[in-house]
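**Student:** Pasting a structure below so you can have a look.
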Amino acid sequence: MPKSLSFRAGLGSVLFWSVISAAFIGPGTVTTCSMAGSQYGFSLLWALTFSTLGTILLQEAAARITIASGRSLGEIISDTYGLRSKALPLFLFGAVSLGCAAYQAGNILGAVAGLALLTHLPAWVLTIAVGVVSTALLWAGSTGGIAKFLGMVVGLMGIAFAYVAAQAVTDTPALLTSLVVPTLPDGSLVLVIGLIGTTIVPYNLFLGSGIGDGQQLAEMRWGIGLAVAIGGGISMAILLAGTLVTGSFSFENVAQTLSSRMGSWAGSFFAFGLFAAGFTSALTAPLAAAVTAKSLLGWPETSTAYRAVWLVVMGVGLVFGLLGVKPVPVIVLAQAANGLLLPIVAIFLLLAVNNRKLLPAEYRNSVWQNLAMGLVVAITAFLGLRNLWLVFA
């Protein structure tokens, strides 16, 4: 830990920035990572190493411009490119909100699936309970308070998945090799894209930049680095747990397989982890949409419009959750929008952190940071085009 940062401040910063981990570890992450482990063993762990490092790089840059300039990424985009026309800010807000609303349905369904494995209560009762608690926390809590609450839940989720994953590691050298050596087994490209795309999330850049004001640079770097690293470790633990699963993928099959191989505790730990992943993302998806509206369109947190944004996102998730169906057409459309959004936002971020008029020299990117971000932008652009191809195909 940096000498200037006390243990208490460091822990508080990690809890605060765990909102980013909570946002990218959702039921979709649980599904993708479990399937990757089930189908390919350890061999796709490198994709999570890359995406975790890429997330740290981009999130640090997004928060750094806010600390240096006092303005969020959304405000900078709006001020720089939206002076004559609000078309770009409105497009970005619409794309982010669409993605958040579509994935909110999956978040609530995932949280309910985890609770159902633990309690066996009717799904509609659990859906209403998750919706009411999530809405109450968002209505009453400040952004900082919500972030720290999510940090504690993410910590518990990490313990649950890590304990299960520890039982799956039988070949440590192979595990370590898979973390750093890229391989593409036959038919694995779609899952690799999924593993990277489920970690480097475009709306998280607006969320992280929007809540970064008032942070100290060293505090922010420590908090983001460790919080995202913990989130990446949880994703890796889910993949390792998936290596124990055989047969067709479903949450019930994963829980049953783990219970039969290691005891009922393993299935219960997986169920809790699934609930925690869905519940934390059910808070962060509406919050991210509202923070994006605040930064791009200038709606303050106390405004009716700000609350209306996250209430609509929450409502969409609850409706689809109560209907018991997955909103496949909406999610497909959201994937297309996010496929375009991620490289666009990453390019704007790259321009912003090199802006001499906006940032003092000590806050601008170094050469190695530009090279690393350029690589991430290129790969995210590929992912975006690949997602569009898959949607239209």
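Each chain of the structure tokens is named A, B, ... in the order shown, its residues numbered from 1; ligands are numbered from 1 in display order.
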Each residue of region 73-181 of chain A with at least one atom at most 12 Å from region 35-47 of chain A should appear once, together with its nearest atom pair and the corresponding distance in Å (one decimal); atoms considered: only C-alpha atoms; ordering: chain, then increasing residue number; output as JSON lines.
**Tutor:**
{"residue": "A:Ala165", "atom": "CA", "partner": "A:Gly37", "partner_atom": "CA", "distance": 10.8}
{"residue": "A:Ala168", "atom": "CA", "partner": "A:Gly41", "partner_atom": "CA", "distance": 10.1}
{"residue": "A:Val169", "atom": "CA", "partner": "A:Phe42", "partner_atom": "CA", "distance": 9.3}
{"residue": "A:Thr170", "atom": "CA", "partner": "A:Phe42", "partner_atom": "CA", "distance": 10.8}
{"residue": "A:Asp171", "atom": "CA", "partner": "A:Phe42", "partner_atom": "CA", "distance": 9.6}
{"residue": "A:Thr172", "atom": "CA", "partner": "A:Phe42", "partner_atom": "CA", "distance": 10.3}
{"residue": "A:Pro173", "atom": "CA", "partner": "A:Phe42", "partner_atom": "CA", "distance": 10.8}
{"residue": "A:Ala174", "atom": "CA", "partner": "A:Phe42", "partner_atom": "CA", "distance": 7.5}
{"residue": "A:Leu175", "atom": "CA", "partner": "A:Phe42", "partner_atom": "CA", "distance": 6.1}
{"residue": "A:Leu176", "atom": "CA", "partner": "A:Leu45", "partner_atom": "CA", "distance": 9.1}
{"residue": "A:Thr177", "atom": "CA", "partner": "A:Trp46", "partner_atom": "CA", "distance": 8.6}
{"residue": "A:Ser178", "atom": "CA", "partner": "A:Ser43", "partner_atom": "CA", "distance": 5.3}
{"residue": "A:Leu179", "atom": "CA", "partner": "A:Trp46", "partner_atom": "CA", "distance": 4.4}
{"residue": "A:Val180", "atom": "CA", "partner": "A:Trp46", "partner_atom": "CA", "distance": 5.2}
{"residue": "A:Val181", "atom": "CA", "partner": "A:Trp46", "partner_atom": "CA", "distance": 6.2}
**Student:** Could you take the residues named above and write them with C-alpha atoms, as a tab-separated table (two decimals), in the first residue's frame?
**Tutor:**
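Heads up, here's the output in result.tsv:
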chain	number	residue	atom	x	y	z
A	165	ALA	CA	-12.74	-23.23	-6.76
A	168	ALA	CA	-10.99	-27.86	-8.41
A	169	VAL	CA	-7.26	-27.08	-8.64
A	170	THR	CA	-5.33	-30.33	-9.14
A	171	ASP	CA	-2.62	-29.19	-11.59
A	172	THR	CA	-1.03	-25.94	-10.37
A	173	PRO	CA	1.59	-25.62	-13.18
A	174	ALA	CA	-1.14	-25.95	-15.82
A	175	LEU	CA	-3.22	-23.37	-13.97
A	176	LEU	CA	-0.37	-20.85	-13.84
A	177	THR	CA	0.45	-21.39	-17.52
A	178	SER	CA	-3.17	-20.85	-18.55
A	179	LEU	CA	-3.23	-17.51	-16.74
A	180	VAL	CA	-0.63	-15.97	-19.06
A	181	VAL	CA	-0.37	-18.08	-22.23
**Student:** Have a look at CA of Ser51 (chain A) and CA of Leu109 (chain A) and let me know their distance in Å, one decimal.
**Tutor:**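 Those two atoms sit 25.2 Å apart.
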**Student:** Taking 4 positions as the minimum chain separation for residues in the same chain, which residues sit within 10 Å of Gly155 (chain A) when counting only C-alpha atoms? Answer as a list in words.
**Tutor:**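 Once the nearby chain positions are removed, what remains is Leu15, Ser18, Ala22, Leu150, Gly151, Ile159, Ala160, Ala227, Ile230, Gly231, Ile234 and Ala276 of chain A.
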**Student:** For N, CA, C and O atoms, I'd like the residues from the last selection saved as a JSON list (two decimals), in the first residue's frame.
**Tutor:**
[["chain", "number", "residue", "atom", "x", "y", "z"],
["A", 15, "LEU", "N", -13.45, -0.80, -0.87],
["A", 15, "LEU", "CA", -14.90, -1.01, -0.75],
["A", 15, "LEU", "C", -15.65, -0.07, -1.68],
["A", 15, "LEU", "O", -16.62, -0.47, -2.34],
["A", 18, "SER", "N", -15.36, -1.17, -5.28],
["A", 18, "SER", "CA", -15.92, -2.49, -5.55],
["A", 18, "SER", "C", -17.24, -2.40, -6.31],
["A", 18, "SER", "O", -17.73, -3.41, -6.82],
["A", 22, "ALA", "N", -18.80, -5.20, -8.71],
["A", 22, "ALA", "CA", -20.20, -5.61, -8.57],
["A", 22, "ALA", "C", -20.95, -5.46, -9.87],
["A", 22, "ALA", "O", -21.85, -6.24, -10.19],
["A", 150, "LEU", "N", -22.06, -2.63, -1.54],
["A", 150, "LEU", "CA", -21.78, -3.61, -2.59],
["A", 150, "LEU", "C", -20.42, -4.25, -2.39],
["A", 150, "LEU", "O", -20.22, -5.43, -2.67],
["A", 151, "GLY", "N", -19.45, -3.46, -1.90],
["A", 151, "GLY", "CA", -18.12, -4.00, -1.66],
["A", 151, "GLY", "C", -18.15, -5.15, -0.67],
["A", 151, "GLY", "O", -17.46, -6.16, -0.86],
["A", 159, "ILE", "N", -15.49, -15.01, -1.39],
["A", 159, "ILE", "CA", -15.15, -16.10, -0.47],
["A", 159, "ILE", "C", -15.89, -17.38, -0.87],
["A", 159, "ILE", "O", -15.31, -18.48, -0.88],
["A", 160, "ALA", "N", -17.16, -17.23, -1.21],
["A", 160, "ALA", "CA", -17.97, -18.41, -1.58],
["A", 160, "ALA", "C", -17.40, -19.09, -2.82],
["A", 160, "ALA", "O", -17.18, -20.31, -2.83],
["A", 227, "ALA", "N", -9.73, -3.54, -6.16],
["A", 227, "ALA", "CA", -11.14, -3.93, -6.29],
["A", 227, "ALA", "C", -11.39, -4.71, -7.59],
["A", 227, "ALA", "O", -12.07, -5.74, -7.59],
["A", 230, "ILE", "N", -9.73, -8.13, -7.45],
["A", 230, "ILE", "CA", -10.57, -9.07, -6.69],
["A", 230, "ILE", "C", -11.72, -9.55, -7.56],
["A", 230, "ILE", "O", -12.04, -10.75, -7.58],
["A", 231, "GLY", "N", -12.34, -8.63, -8.30],
["A", 231, "GLY", "CA", -13.42, -9.03, -9.20],
["A", 231, "GLY", "C", -12.95, -10.00, -10.26],
["A", 231, "GLY", "O", -13.63, -11.00, -10.55],
["A", 234, "ILE", "N", -12.54, -13.36, -8.70],
["A", 234, "ILE", "CA", -13.82, -14.04, -8.53],
["A", 234, "ILE", "C", -14.26, -14.69, -9.83],
["A", 234, "ILE", "O", -14.73, -15.84, -9.86],
["A", 276, "ALA", "N", -25.64, -13.36, -5.04],
["A", 276, "ALA", "CA", -24.88, -12.14, -4.79],
["A", 276, "ALA", "C", -24.51, -11.45, -6.11],
["A", 276, "ALA", "O", -24.56, -10.22, -6.22]]
**Student:** With distances taken over only C-alpha atoms, which of A:Asn365, A:Ser21, A:Thr127, A:Asn354 is nearest to Ile56 (chain A)?
**Tutor:**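 Nearest to Ile56 (chain A): A:Ser21.
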**Student:** Would you kindly return, as an NGL selection string, each protein, DNA or RNA residue with an atom no farther than 6 Å from any atom of region 311-327 of chain A, considering only C-alpha atoms and excluding same-chain residues fewer than 4 positions away?
**Tutor:** :A and (101 or 104-105 or 109 or 124 or 286)
**Student:** Take the residues just selected and output them with N, CA and C atoms as a PDB file, in the first residue's frame.
**Tutor:**
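Once everything was written out, this is part.pdb:
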ATOM      1  N   ALA A 101     -31.020  -1.714 -19.018  1.00  0.00           N
ATOM      2  CA  ALA A 101     -32.382  -2.241 -18.842  1.00  0.00           C
ATOM      3  C   ALA A 101     -32.470  -3.693 -19.272  1.00  0.00           C
ATOM      4  N   GLN A 104     -30.628  -5.812 -16.794  1.00  0.00           N
ATOM      5  CA  GLN A 104     -31.262  -5.809 -15.480  1.00  0.00           C
ATOM      6  C   GLN A 104     -32.208  -6.995 -15.322  1.00  0.00           C
ATOM      7  N   ALA A 105     -32.873  -7.356 -16.412  1.00  0.00           N
ATOM      8  CA  ALA A 105     -33.750  -8.531 -16.363  1.00  0.00           C
ATOM      9  C   ALA A 105     -32.954  -9.783 -16.017  1.00  0.00           C
ATOM     10  N   LEU A 109     -33.286 -12.118 -12.641  1.00  0.00           N
ATOM     11  CA  LEU A 109     -33.520 -13.552 -12.823  1.00  0.00           C
ATOM     12  C   LEU A 109     -32.396 -14.376 -12.204  1.00  0.00           C
ATOM     13  N   TRP A 124     -41.972 -15.835  -8.010  1.00  0.00           N
ATOM     14  CA  TRP A 124     -42.568 -14.498  -8.011  1.00  0.00           C
ATOM     15  C   TRP A 124     -42.378 -13.803  -6.669  1.00  0.00           C
ATOM     16  N   PRO A 286     -29.097  -0.139 -12.749  1.00  0.00           N
ATOM     17  CA  PRO A 286     -29.882   1.109 -12.699  1.00  0.00           C
ATOM     18  C   PRO A 286     -29.037   2.311 -12.287  1.00  0.00           C
TER      19      PRO A 286
END
**Student:** Rounded to one decimal in Å, what is the spacing between CA of Ala255 (chain A) and CA of Ile193 (chain A)?
**Tutor:**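 About the pair CA of Ala255 (chain A) and CA of Ile193 (chain A): they are 25.4 Å apart.
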**Student:** Identify which of the residues A:Leu240, A:Ala218, A:Val201, A:Leu371 lies closest to Gly26 (chain A), counting only C-alpha atoms when measuring atom-to-atom distances.
**Tutor:** A:Val201
**Student:** With only C-alpha atoms as the atoms that count, which of A:Pro89, A:Leu53, A:Ser188, A:Val30 lies nearest to Ala229 (chain A)?
**Tutor:** A:Leu53
**Student:** So, counting only C-alpha atoms, which residue among A:Val154, A:Ile224, A:Leu57, A:Val14 is closest to Trp368 (chain A)?
**Tutor:**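 The answer is A:Leu57, which sits nearest to Trp368 (chain A).
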**Student:** Mind giving me the straight-line distance from CA of Val377 (chain A) to CA of Ala346 (chain A) in Å, one decimal?
**Tutor:**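 If I compute the distance from CA of Val377 (chain A) to CA of Ala346 (chain A), I get 5.9 Å.
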**Student:** Which residues are close to Val309 (chain A), i.e. within 8 Å by only C-alpha atoms, leaving aside same-chain residues fewer than 5 positions away? Reply as a PyMOL selection string.
**Tutor:** chain A and resi 286+289-290+293
**Student:** If you keep N, CA, C and O atoms, can you produce a file of those selected residues as a PDB file, in the first residue's frame?
**Tutor:**
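Output contents, as saved in selection.pdb:
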ATOM      1  N   PRO A 286     -29.097  -0.139 -12.749  1.00  0.00           N
ATOM      2  CA  PRO A 286     -29.882   1.109 -12.699  1.00  0.00           C
ATOM      3  C   PRO A 286     -29.037   2.311 -12.287  1.00  0.00           C
ATOM      4  O   PRO A 286     -29.215   3.415 -12.812  1.00  0.00           O
ATOM      5  N   ALA A 289     -26.990   3.596 -15.239  1.00  0.00           N
ATOM      6  CA  ALA A 289     -27.809   4.350 -16.190  1.00  0.00           C
ATOM      7  C   ALA A 289     -28.075   5.764 -15.673  1.00  0.00           C
ATOM      8  O   ALA A 289     -28.005   6.743 -16.437  1.00  0.00           O
ATOM      9  N   ALA A 290     -28.377   5.894 -14.371  1.00  0.00           N
ATOM     10  CA  ALA A 290     -28.664   7.205 -13.801  1.00  0.00           C
ATOM     11  C   ALA A 290     -27.421   8.088 -13.752  1.00  0.00           C
ATOM     12  O   ALA A 290     -27.481   9.287 -14.056  1.00  0.00           O
ATOM     13  N   ALA A 293     -26.767   9.401 -17.144  1.00  0.00           N
ATOM     14  CA  ALA A 293     -27.663  10.520 -17.441  1.00  0.00           C
ATOM     15  C   ALA A 293     -27.182  11.801 -16.774  1.00  0.00           C
ATOM     16  O   ALA A 293     -27.216  12.890 -17.368  1.00  0.00           O
TER      17      ALA A 293
END
**Student:** Counting only C-alpha atoms, which residue out of A:Val130, A:Val228, A:Ile25, A:Val254 sits closest to Leu117 (chain A)?
**Tutor:**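 Going through A:Val130, A:Val228, A:Ile25, A:Val254 one by one, the smallest distance to Leu117 (chain A) is for A:Val254.
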**Student:** Could you please write out, as a PyMOL selection string, every residue of region 54-300 of chain A that DSSP assigns to helix (DSSP H, G or I)?
**Tutor:** chain A and resi 54-69+73-81+87-119+123-140+143-166+172-180+189-197+202-210+217-242+251-262+264-297
**Student:** What's the 10 Å shell around Ser69 (chain A), counting only C-alpha atoms, without same-chain residues fewer than 6 positions away, as an NGL selection string?
**Tutor:** :A and (76 or 213 or 358-360 or 363)
**Student:** Nearest to Leu88 (chain A): which of A:Leu341, A:Gly114, A:Tyr103, A:Gly225 is it, counting only C-alpha atoms?
**Tutor:** A:Leu341
**Student:** What lies within 9 Å of Phe275 (chain A) using only C-alpha atoms, ignoring chain neighbours under 4 positions off, as a list in words?
**Tutor:** Pro27, Ile108, Gly110, Ala111, Val112, Ala113, Gly114, Leu115, Met157, Phe270, Ala271, Phe279 and Thr280 of chain A
